[in-house]
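S.K.: Provided herewith is a single structure, encoded as structure tokens, for subsequent inquiry.
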Amino acid sequence: MAAPSTVNTCREEAATTTMERSIRERVPPLLTDLYQFTMAYSYWRARRHQEPAVFELFFRDNPFGGGFSLFAGLHDCQLFLRSFRFTHEDVEFLRSVLPPATDPAFFEFLRGLDCSGVTLRSVPEGTVVFARVPLMEVAGPLAVVQLLETSLLCLVNYASLVCSNAARFRLAAGPRRKLLEMGLRRAQGPDGGLTASRYTHIGGFDLTSNVQAGFLFGIPTAGTMAHSFVTSFTSLEEVWPRTLVAVDGDSDPVDVISLTKGWLSRVCELLGATPGKIREGELAAFLSYAIAYPHNFLTVIDSYSVGCGLLNFCAVALTLCELGYKPVGVRLDSGDLCAQSVEVRRVFRLCSENFSIPAFNALIIVGSNNISEESMAELNSKENEIDVVGVGTHLVTCTKQPSLGCVYKLVEVQGRPRMKISEDPEKSTVPGRKAVYRLIDADGHPFLDLVCLAVESPPEAGVALSCYPAVHNSDAVSITPAQVVCLRQEVFATGEVTQPLCSAAETRAKVQSSLQTLHPRHKRLQEPDTYSVAVSEKLHNLVTELCKGSSSDSNFLLAN
């Protein structure tokens, strides 16, 4: 028998192989904008395609009006870079869509292209990040790193956005409740649904209803039943088989319909309910499901009315308990979830006490009904007994903000800094190859991210330094960090992934660890304090110099 560590290693390798195959299918090199190829051709024609260049990926504003974001998508970026190659079919298609004047030799150049000359330095996936901090640095031959732009943005933008959204839902829900992602049917297409399932789990959700996500990423899957299942039944005559063997298996199969009818009478008597109002079809649905899955009996109880559904559930659940099984619970999907959950819990406790069934104290209540971040927060302000919350539309579609707005900007060519200078200061870029440091205060909380030129010496713990806040026209400030952490590390070089690829579970743990270090004032869902991002004096001086120089550059015609 193989050792557990060997088995786990084999599983991880198989999962990585499956993921890489998925990336090749979902994100081939042609999944990009046409102008990337026309620019690459122009570089090639000008014999500039091999010039060393550096691009950076960042976003300009924290999403959802919040104080932070989470960085996600790196795992897929690494696999994308490793598998980046144009097939014969790819090149032939490009030949058909690029202008006829394109030199045929350019297509041969594309056929031999890969990312062996590309180096990626990045913030670790799952890290709390902030606006205007360079998250990824992509260095390599100019034509290649230009071609990567759209694909990398596509892989990072939504992953980071939905991961951040999930983290906000988790903060709103608090640590006690389990969160179930159930947004596949509402997602923007199959890939959007799959990506949402993965990155909402990383962001803090416990479970997913998405079976394919469970298969690919190892996320625990869960589900209840749909109202259609309940309403498809009309009579107890439709229940088949009609018997169930007790857990101990020693007795003959038991007629669960007769047993359930007896329990239903007792529950109605206990609660003062009228048996005549019971929906026979609903009871039949619950019995059929219980016979099929006696160890996993969890039903939706509001197909007709919560009161009626609760009576039927209790009767079937008590039958299962008598036979030695442990029913799981109920789902509420409409109305006042808080008030309903309190009433449901009251009934569970009554049944437990009056029928001496301890298992009823362990039954869970799932709530789902177009849950938003606001309604999630509201659960904490009202009395309720909800154990698990299912969230779909507002989670996976990020209704409060549909895009993170990541950008990919050129900062260096052939060792010389490059800068975009815009009439809109927000769209100006910060030039030069950089290093990024997170400064920690004496209490262990991050308080400032410092962006420096790569050639500068790193800041030191306990040593004062001068820097400029990354907002325009700000004066220098002096700060002294208690600790200094270098944020970015090399994760891809010479065609290979240079840091171990993390599983979804490992990255999820990283998210929780990173969020725990963040001061509560930056994690507030409403009106958080702005986290400080600053540039070093040398970088500030470089920006000032290039801005001044840009005006003189415009006079080159007069100089001739």
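Naming scheme: A, B, ... for chains in displayed order of the structure tokens; residues 1 onward per chain; ligands 1 onward as shown.
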Return as an MDAnalysis selection string the full set of residues in region 13-150 of chain A whose backbone-based DSSP assignment is strand (DSSP E or B).
M.R.: chainID A and resid 52:58 69:70 119:122 128:129 136:141
S.K.: Report as an MDAnalysis selection string all protein, DNA and RNA residues lying within 7 Å of region 321-329 of chain A, evaluated on only C-alpha atoms, omitting residues in the same chain fewer than 4 positions from it.
M.R.: chainID A and resid 246:247 294:299 317 359 363:365
S.K.: Mind dumping the selected residues with all heavy atoms as a short mmCIF file (atom, residue, chain, number, x, y, z; two decimals), in the first residue's frame?
M.R.:
data_model
loop_
_atom_site.label_atom_id
_atom_site.label_comp_id
_atom_site.auth_asym_id
_atom_site.auth_seq_id
_atom_site.Cartn_x
_atom_site.Cartn_y
_atom_site.Cartn_z
N ALA A 246 -33.42 -0.39 8.88
CA ALA A 246 -32.82 0.37 9.97
C ALA A 246 -31.30 0.34 9.86
O ALA A 246 -30.72 -0.55 9.22
CB ALA A 246 -33.26 -0.20 11.31
N VAL A 247 -30.67 1.30 10.51
CA VAL A 247 -29.22 1.42 10.43
C VAL A 247 -28.52 0.16 10.91
O VAL A 247 -27.54 -0.29 10.31
CB VAL A 247 -28.73 2.64 11.25
CG1 VAL A 247 -27.21 2.61 11.41
CG2 VAL A 247 -29.13 3.94 10.59
N PRO A 294 -31.08 8.43 3.18
CA PRO A 294 -31.46 8.54 4.60
C PRO A 294 -30.38 9.19 5.47
O PRO A 294 -30.69 9.72 6.54
CB PRO A 294 -31.68 7.08 5.02
CG PRO A 294 -30.89 6.26 4.03
CD PRO A 294 -30.97 7.03 2.74
N HIS A 295 -29.12 9.17 5.01
CA HIS A 295 -28.04 9.81 5.77
C HIS A 295 -27.87 11.29 5.40
O HIS A 295 -27.08 11.99 6.03
CB HIS A 295 -26.71 9.09 5.53
CG HIS A 295 -26.65 7.73 6.13
ND1 HIS A 295 -26.53 7.51 7.49
CD2 HIS A 295 -26.71 6.49 5.56
CE1 HIS A 295 -26.48 6.22 7.73
NE2 HIS A 295 -26.61 5.57 6.58
N ASN A 296 -28.54 11.75 4.37
CA ASN A 296 -28.35 13.12 3.86
C ASN A 296 -29.68 13.83 3.65
O ASN A 296 -29.87 14.54 2.65
CB ASN A 296 -27.58 13.09 2.53
CG ASN A 296 -26.25 12.39 2.66
OD1 ASN A 296 -26.15 11.18 2.49
ND2 ASN A 296 -25.21 13.14 2.97
N PHE A 297 -30.57 13.67 4.59
CA PHE A 297 -31.92 14.21 4.41
C PHE A 297 -31.95 15.69 4.77
O PHE A 297 -31.95 16.08 5.94
CB PHE A 297 -32.90 13.41 5.29
CG PHE A 297 -34.33 13.84 5.14
CD1 PHE A 297 -34.95 13.82 3.90
CD2 PHE A 297 -35.07 14.27 6.23
CE1 PHE A 297 -36.28 14.22 3.75
CE2 PHE A 297 -36.39 14.66 6.11
CZ PHE A 297 -36.99 14.64 4.86
N LEU A 298 -31.95 16.53 3.75
CA LEU A 298 -32.06 17.99 3.90
C LEU A 298 -33.02 18.48 2.83
O LEU A 298 -32.78 18.27 1.64
CB LEU A 298 -30.68 18.65 3.75
CG LEU A 298 -30.56 20.10 4.26
CD1 LEU A 298 -29.11 20.43 4.58
CD2 LEU A 298 -31.10 21.10 3.24
N THR A 299 -34.12 19.11 3.24
CA THR A 299 -35.18 19.46 2.29
C THR A 299 -35.48 20.94 2.29
O THR A 299 -35.25 21.65 3.28
CB THR A 299 -36.48 18.71 2.64
OG1 THR A 299 -36.95 19.18 3.90
CG2 THR A 299 -36.24 17.22 2.71
N ALA A 317 -38.27 13.17 9.37
CA ALA A 317 -37.01 13.17 10.11
C ALA A 317 -37.11 12.31 11.37
O ALA A 317 -36.18 11.59 11.73
CB ALA A 317 -36.62 14.60 10.48
N ALA A 359 -31.01 14.19 18.32
CA ALA A 359 -30.54 14.54 16.97
C ALA A 359 -31.23 15.80 16.45
O ALA A 359 -30.67 16.51 15.59
CB ALA A 359 -30.78 13.38 16.01
N LEU A 363 -29.95 19.59 14.06
CA LEU A 363 -30.42 19.89 12.70
C LEU A 363 -29.98 21.29 12.28
O LEU A 363 -30.00 22.22 13.09
CB LEU A 363 -31.95 19.79 12.64
CG LEU A 363 -32.54 18.38 12.79
CD1 LEU A 363 -34.05 18.46 12.91
CD2 LEU A 363 -32.12 17.49 11.63
N ILE A 364 -29.60 21.44 11.02
CA ILE A 364 -29.15 22.75 10.54
C ILE A 364 -30.26 23.43 9.74
O ILE A 364 -31.16 22.78 9.20
CB ILE A 364 -27.87 22.65 9.69
CG1 ILE A 364 -28.16 21.92 8.36
CG2 ILE A 364 -26.75 21.99 10.44
CD1 ILE A 364 -27.02 22.03 7.36
N ILE A 365 -30.17 24.75 9.68
CA ILE A 365 -31.11 25.56 8.90
C ILE A 365 -30.31 26.33 7.87
O ILE A 365 -29.39 27.08 8.22
CB ILE A 365 -31.90 26.52 9.80
CG1 ILE A 365 -32.69 25.74 10.86
CG2 ILE A 365 -32.83 27.40 8.97
CD1 ILE A 365 -33.35 26.62 11.90
#
S.K.: Please list as a VMD selection string every residue within 10 Å of region 443-451 of chain A, counting only C-alpha atoms and excluding residues in the same chain fewer than 4 positions away.
M.R.: chain A and resid 129 to 130 132 to 134 430 434 to 439 458 to 459 467 to 470 479 481 to 487 514 516 to 520 522 530 to 537 539 to 540
S.K.: Using only C-alpha atoms, which protein or nucleic acid residues come within 9 Å of Asp103 (chain A)? Drop anything in the same chain fewer than 4 positions from it, and give the result as a ChimeraX atom specification.
M.R.: /A:41,45,107
S.K.: Taking C-alpha atoms for each residue, export the selection above as a PDB file, in the first residue's frame.
M.R.:
ATOM      1  CA  TYR A  41       4.106  42.741 -35.909  1.00  0.00           C
ATOM      2  CA  ARG A  45       9.141  44.826 -38.510  1.00  0.00           C
ATOM      3  CA  PHE A 107       3.920  33.973 -38.920  1.00  0.00           C
TER       4      PHE A 107
END
S.K.: Give me the residues within 8 Å of Leu161 (chain A) as a list in words, counting only C-alpha atoms and dropping any in the same chain fewer than 2 places off.
M.R.: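 My reading of the contact set: Pro63, Ser69, Leu70, Asn157, Tyr158, Ala159, Cys163, Ser164, Asn165, Cys398, Ser403 and Leu404 of chain A.
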S.K.: Could you pull the residues within 9 Å of Asp114 (chain A), counting only C-alpha atoms, minus those fewer than 2 positions along the same chain, as a list in words?
M.R.: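 Neighbouring residues, sequence-local ones excluded: Leu81, Arg82, Ser83, Phe84, Arg85, Phe86, Leu110, Arg111, Gly112, Ser116, Gly117, Val118, Val144 and Gly495 of chain A.
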S.K.: Would you work out the distance separating CA of Val267 (chain A) from CA of Trp240 (chain A), expressed in Å to one decimal?
M.R.: 23.9 Å
S.K.: Name the closest residue to Gly309 (chain A) among the candidates A:Leu259, A:Leu244, A:Cys547, A:Val230; distances are taken between atoms, counting only C-alpha atoms.
M.R.: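 Comparing A:Leu259, A:Leu244, A:Cys547, A:Val230 against Gly309 (chain A), the winner is A:Val230.
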S.K.: As an exercise, work out the distance from CA of Thr397 (chain A) to CA of Gln188 (chain A) in Å and give it to one decimal place.
M.R.: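 Distance between the two atoms: 7.2 Å.
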S.K.: Could you write out, as an MDAnalysis selection string, all the residues of region 38-69 of chain A that DSSP marks as alpha helix (DSSP H)?
M.R.: chainID A and resid 38:45
S.K.: Quick one: of A:Thr231, A:Thr274, A:Thr507, A:Ser334, who's nearest to His201 (chain A), counting only C-alpha atoms?
M.R.: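 When distances to His201 (chain A) are compared using only C-alpha atoms, the smallest one comes from A:Thr507.
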S.K.: Hey, what's within 9 Å of region 370-375 of chain A if we count only C-alpha atoms and toss same-chain stuff fewer than 3 positions away? As a PDB file with N, CA and C atoms, in the first residue's frame, please?
M.R.:
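The new file out_25.pdb reads:
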ATOM      1  N   ASN A 165     -15.089  39.978  -3.404  1.00  0.00           N
ATOM      2  CA  ASN A 165     -16.517  40.000  -3.076  1.00  0.00           C
ATOM      3  C   ASN A 165     -16.855  38.918  -2.057  1.00  0.00           C
ATOM      4  N   ARG A 168     -15.787  39.894   1.383  1.00  0.00           N
ATOM      5  CA  ARG A 168     -16.708  40.854   1.997  1.00  0.00           C
ATOM      6  C   ARG A 168     -17.951  40.125   2.534  1.00  0.00           C
ATOM      7  N   PHE A 169     -18.461  39.158   1.783  1.00  0.00           N
ATOM      8  CA  PHE A 169     -19.585  38.363   2.273  1.00  0.00           C
ATOM      9  C   PHE A 169     -19.197  37.627   3.550  1.00  0.00           C
ATOM     10  N   ALA A 172     -19.148  40.033   6.362  1.00  0.00           N
ATOM     11  CA  ALA A 172     -20.523  40.381   6.734  1.00  0.00           C
ATOM     12  C   ALA A 172     -21.198  39.253   7.505  1.00  0.00           C
ATOM     13  N   ALA A 173     -20.897  38.008   7.139  1.00  0.00           N
ATOM     14  CA  ALA A 173     -21.546  36.858   7.769  1.00  0.00           C
ATOM     15  C   ALA A 173     -20.962  36.553   9.134  1.00  0.00           C
ATOM     16  N   ASP A 333     -36.212  29.416   1.633  1.00  0.00           N
ATOM     17  CA  ASP A 333     -35.841  30.087   0.392  1.00  0.00           C
ATOM     18  C   ASP A 333     -36.767  31.253   0.048  1.00  0.00           C
ATOM     19  N   SER A 334     -37.577  31.709   0.998  1.00  0.00           N
ATOM     20  CA  SER A 334     -38.450  32.837   0.702  1.00  0.00           C
ATOM     21  C   SER A 334     -38.940  33.447   2.012  1.00  0.00           C
ATOM     22  N   GLY A 367     -30.373  29.113   4.813  1.00  0.00           N
ATOM     23  CA  GLY A 367     -31.146  30.231   4.285  1.00  0.00           C
ATOM     24  C   GLY A 367     -30.632  30.655   2.930  1.00  0.00           C
ATOM     25  N   GLU A 378     -27.402  42.127   7.585  1.00  0.00           N
ATOM     26  CA  GLU A 378     -28.642  42.275   8.344  1.00  0.00           C
ATOM     27  C   GLU A 378     -28.910  41.058   9.223  1.00  0.00           C
ATOM     28  N   LEU A 379     -28.448  39.894   8.772  1.00  0.00           N
ATOM     29  CA  LEU A 379     -28.634  38.688   9.574  1.00  0.00           C
ATOM     30  C   LEU A 379     -27.979  38.830  10.941  1.00  0.00           C
ATOM     31  N   VAL A 389     -25.680  29.861   4.880  1.00  0.00           N
ATOM     32  CA  VAL A 389     -26.313  30.802   3.956  1.00  0.00           C
ATOM     33  C   VAL A 389     -25.861  30.463   2.538  1.00  0.00           C
ATOM     34  N   GLY A 390     -26.830  30.300   1.654  1.00  0.00           N
ATOM     35  CA  GLY A 390     -26.536  30.051   0.245  1.00  0.00           C
ATOM     36  C   GLY A 390     -26.633  31.349  -0.536  1.00  0.00           C
ATOM     37  N   VAL A 391     -25.578  31.660  -1.305  1.00  0.00           N
ATOM     38  CA  VAL A 391     -25.521  32.920  -2.041  1.00  0.00           C
ATOM     39  C   VAL A 391     -25.219  32.625  -3.510  1.00  0.00           C
ATOM     40  N   GLY A 392     -25.937  33.313  -4.394  1.00  0.00           N
ATOM     41  CA  GLY A 392     -25.741  33.094  -5.821  1.00  0.00           C
ATOM     42  C   GLY A 392     -25.485  34.364  -6.591  1.00  0.00           C
ATOM     43  N   THR A 393     -26.568  34.974  -7.076  1.00  0.00           N
ATOM     44  CA  THR A 393     -26.482  36.080  -8.038  1.00  0.00           C
ATOM     45  C   THR A 393     -25.549  37.205  -7.605  1.00  0.00           C
ATOM     46  N   HIS A 394     -25.779  37.759  -6.418  1.00  0.00           N
ATOM     47  CA  HIS A 394     -25.017  38.938  -5.991  1.00  0.00           C
ATOM     48  C   HIS A 394     -23.546  38.609  -5.744  1.00  0.00           C
ATOM     49  N   LEU A 395     -23.260  37.335  -5.513  1.00  0.00           N
ATOM     50  CA  LEU A 395     -21.871  36.924  -5.294  1.00  0.00           C
ATOM     51  C   LEU A 395     -21.126  36.783  -6.612  1.00  0.00           C
TER      52      LEU A 395
END
S.K.: Do you have the CA of Ala40 (chain A)-CA of Leu147 (chain A) distance handy?
M.R.: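 Those two atoms sit 6.9 Å apart.
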